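K.L.:
My structure is below; once you've seen it, I'll send some questions.
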Amino acid sequence: MKIEAVPPKTHLPPLAKLALELGPLGVFFLGNAYADRFGFAADQRLFVATGLFIAATLLALAVHYAWVRRLPIMPLVSGIVVVVFGGLTLALQDEVFIKLKPTIVNSLFGAVLLGGLAFGRPLLALVLDSVFDLTPEGWRKLTFRWGVFFFVLAAINEVVWRTQTTDFWVSFKVFGIMPLTVAFALAQTPLLLRHERKSGQA
């Protein structure tokens, strides 16, 4: 009987992955910024942007799945929350739901990471669909840092949407949270290098 080798797990090219992750946010920002130029009332801009955000998120997930035949946990969970809370925003005409989405997603990931760590299971590789190969100590440290960071992002979102205008919140969601996340990820480079699993290391 012929046994076929299992093909290795494929990953999206970095630029394609970045485009699929940032694309829906860009659509959300542009929808909120320019909806009134297409005849929508000013107080309807966020609802138009939310509808476009849902559509763009679903499209990004579909493209991701078509490309690699699987969906990583983080974009999938985030997409589900976008659809649920974006749908509530549109159905109830209440912008609070879409503004709560980042708080809920970040709190969820923070709780999963720190909760798993408390039970001795660093889950970062699963949650972030990571391609790094770290030592157990490296995974524990990185998981703890990202878990705390997700809660910080949740707190920042709560402060911003509760104290600032909707337009400021939308802009900060796109041009504030993403640079913060990228900066934090880059700041973990020394840890990644220090705890990278060497060839033959258990």
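Naming scheme: A, B, ... for chains in displayed order of the structure tokens; residues 1 onward per chain; ligands 1 onward as shown.
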Please list as a PyMOL selection string every residue within 10 Å of A:Phe47, counting only C-alpha atoms and excluding residues in the same chain fewer than 6 positions away.
P.N.:
chain A and resi 28+31-32+35+40+53+86-87+89-91+93-95+98
K.L.:
Taking C-alpha atoms for each residue, export the selection above as a JSON list (two decimals), in the first residue's frame.
P.N.:
```json
[["chain", "number", "residue", "atom", "x", "y", "z"],
["A", 28, "PHE", "CA", -13.94, 50.67, 7.64],
["A", 31, "GLY", "CA", -16.43, 54.10, 4.68],
["A", 32, "ASN", "CA", -16.72, 56.30, 7.76],
["A", 35, "ALA", "CA", -20.01, 57.82, 3.20],
["A", 40, "PHE", "CA", -25.66, 59.18, 3.32],
["A", 53, "PHE", "CA", -16.40, 46.29, 7.45],
["A", 86, "GLY", "CA", -21.43, 44.63, 13.55],
["A", 87, "GLY", "CA", -24.76, 42.94, 12.87],
["A", 89, "THR", "CA", -24.88, 47.65, 15.41],
["A", 90, "LEU", "CA", -26.83, 47.64, 12.13],
["A", 91, "ALA", "CA", -29.92, 45.85, 13.42],
["A", 93, "GLN", "CA", -28.77, 51.19, 14.97],
["A", 94, "ASP", "CA", -26.54, 51.47, 18.02],
["A", 95, "GLU", "CA", -22.85, 52.23, 17.43],
["A", 98, "ILE", "CA", -19.08, 47.95, 17.03]]
```
K.L.:
With only C-alpha atoms counted and 9 Å as the cut-off, give the residues of stretch 78-142 of chain A in contact with stretch 159-181 of chain A, each with its shortest interatomic distance in Å and the pair that gives it, as a Markdown table.
P.N.:
```
| residue | atom | partner | partner_atom | distance |
| --- | --- | --- | --- | --- |
| A:Glu95 | CA | A:Thr166 | CA | 8.9 |
| A:Val96 | CA | A:Trp161 | CA | 8.7 |
| A:Lys99 | CA | A:Trp161 | CA | 6.6 |
| A:Leu100 | CA | A:Trp161 | CA | 8.5 |
| A:Pro102 | CA | A:Lys173 | CA | 8.6 |
```
K.L.:
What does the distance between atom CA of A:Trp139 and atom CA of A:Val182 come to in Å, to one decimal place?
P.N.:
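Rounded to one decimal, the two atoms are 18.8 Å apart.
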K.L.:
May I have all residues of stretch 100-202 of chain A that DSSP, computed from the backbone, assigns to alpha helix (DSSP H), given as JSON, numbers by chain?
P.N.:
{"A": [100, 101, 102, 103, 104, 105, 106, 107, 108, 109, 110, 111, 112, 113, 114, 115, 116, 117, 118, 124, 125, 126, 127, 136, 137, 138, 139, 140, 141, 142, 143, 144, 145, 146, 147, 148, 149, 150, 151, 152, 153, 154, 155, 156, 157, 158, 159, 160, 161, 162, 163, 166, 167, 168, 169, 170, 171, 172, 173, 174, 175, 177, 178, 179, 180, 181, 182, 183, 184, 185, 186, 187, 189, 190, 191, 192, 193, 194]}
K.L.:
May I ask for the distance between atom CA of A:Val82 and atom CA of A:Leu153, given in Å to one decimal place?
P.N.:
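Atom-to-atom, atom CA of A:Val82 to atom CA of A:Leu153, that is 16.7 Å.
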K.L.:
Between A:Gly39, A:Gly51, A:Pro13, A:Pro72, which has the minimum distance to A:Leu88 (counting only C-alpha atoms)?
P.N.:
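Using only C-alpha atoms, A:Leu88 sits closest to A:Gly51.
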K.L.:
Pick the closest to A:Leu58 from A:Arg45, A:Ile80, A:Ile73, A:Gly147: which is it, counting only C-alpha atoms?
P.N.:
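Closest residue, counting only C-alpha atoms: A:Ile80.
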K.L.:
List as a list of chain:residue names the protein and nucleic acid residues near A:Leu22, meaning an atom at most 10 Å away when only C-alpha atoms are counted, but skip any in the same chain fewer than 4 places from it.
P.N.:
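My reading of the contact set: A:Ala16, A:Lys17, A:Leu18, A:Gly26, A:Val27, A:Phe28, A:Thr57, A:Ala60, A:Val174, A:Met178.
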K.L.:
Okay, now the selection with C-alpha atoms, as an mmCIF file, in the first residue's frame?
P.N.:
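out19.cif written:
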```
data_model
loop_
_atom_site.group_PDB
_atom_site.id
_atom_site.type_symbol
_atom_site.label_atom_id
_atom_site.label_comp_id
_atom_site.auth_asym_id
_atom_site.auth_seq_id
_atom_site.Cartn_x
_atom_site.Cartn_y
_atom_site.Cartn_z
ATOM 1 C CA ALA A 16 -0.714 39.057 1.429
ATOM 2 C CA LYS A 17 -1.345 38.295 5.100
ATOM 3 C CA LEU A 18 -0.836 41.964 5.995
ATOM 4 C CA GLY A 26 -8.948 50.376 5.721
ATOM 5 C CA VAL A 27 -12.409 49.829 4.250
ATOM 6 C CA PHE A 28 -13.936 50.672 7.639
ATOM 7 C CA THR A 57 -13.928 40.894 6.767
ATOM 8 C CA ALA A 60 -10.728 38.524 3.574
ATOM 9 C CA VAL A 174 -6.732 52.275 12.260
ATOM 10 C CA MET A 178 -2.037 49.018 14.537
#
```
K.L.:
Which neighbours of A:Pro190 fall inside 12 Å, counting only C-alpha atoms, when residues of the same chain fewer than 6 positions from it are skipped, and could you give them as number ranges by chain?
P.N.:
A: 138, 141-142, 184, 196
K.L.:
So what do you get for atom CA of A:Arg121 versus atom CA of A:Met74, distance-wise?
P.N.:
17.3 Å
K.L.:
Could you check which of A:Pro122, A:Pro24, A:Gly79, A:Gly116 is closest to A:Lys101, using only C-alpha atoms?
P.N.:
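Closest to A:Lys101 of all the choices is A:Gly79.
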K.L.:
Quick one: of A:Gly120, A:Gly23, A:Gly115, A:Gly110, who's nearest to A:Phe149, counting only C-alpha atoms?
P.N.:
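For A:Phe149, the nearest of the candidates is A:Gly110.
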K.L.:
When distances are computed from only C-alpha atoms, which of A:Ala41, A:Leu124, A:Ala111, A:Leu117 shows the smallest separation from A:Val152?
P.N.:
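Counting only C-alpha atoms, the residue closest to A:Val152 is A:Ala111.
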K.L.:
So, counting only C-alpha atoms, which residue among A:Leu126, A:Leu59, A:Val81, A:Val68 is closest to A:Leu113?
P.N.:
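Distance minimum relative to A:Leu113 lands on A:Leu126.
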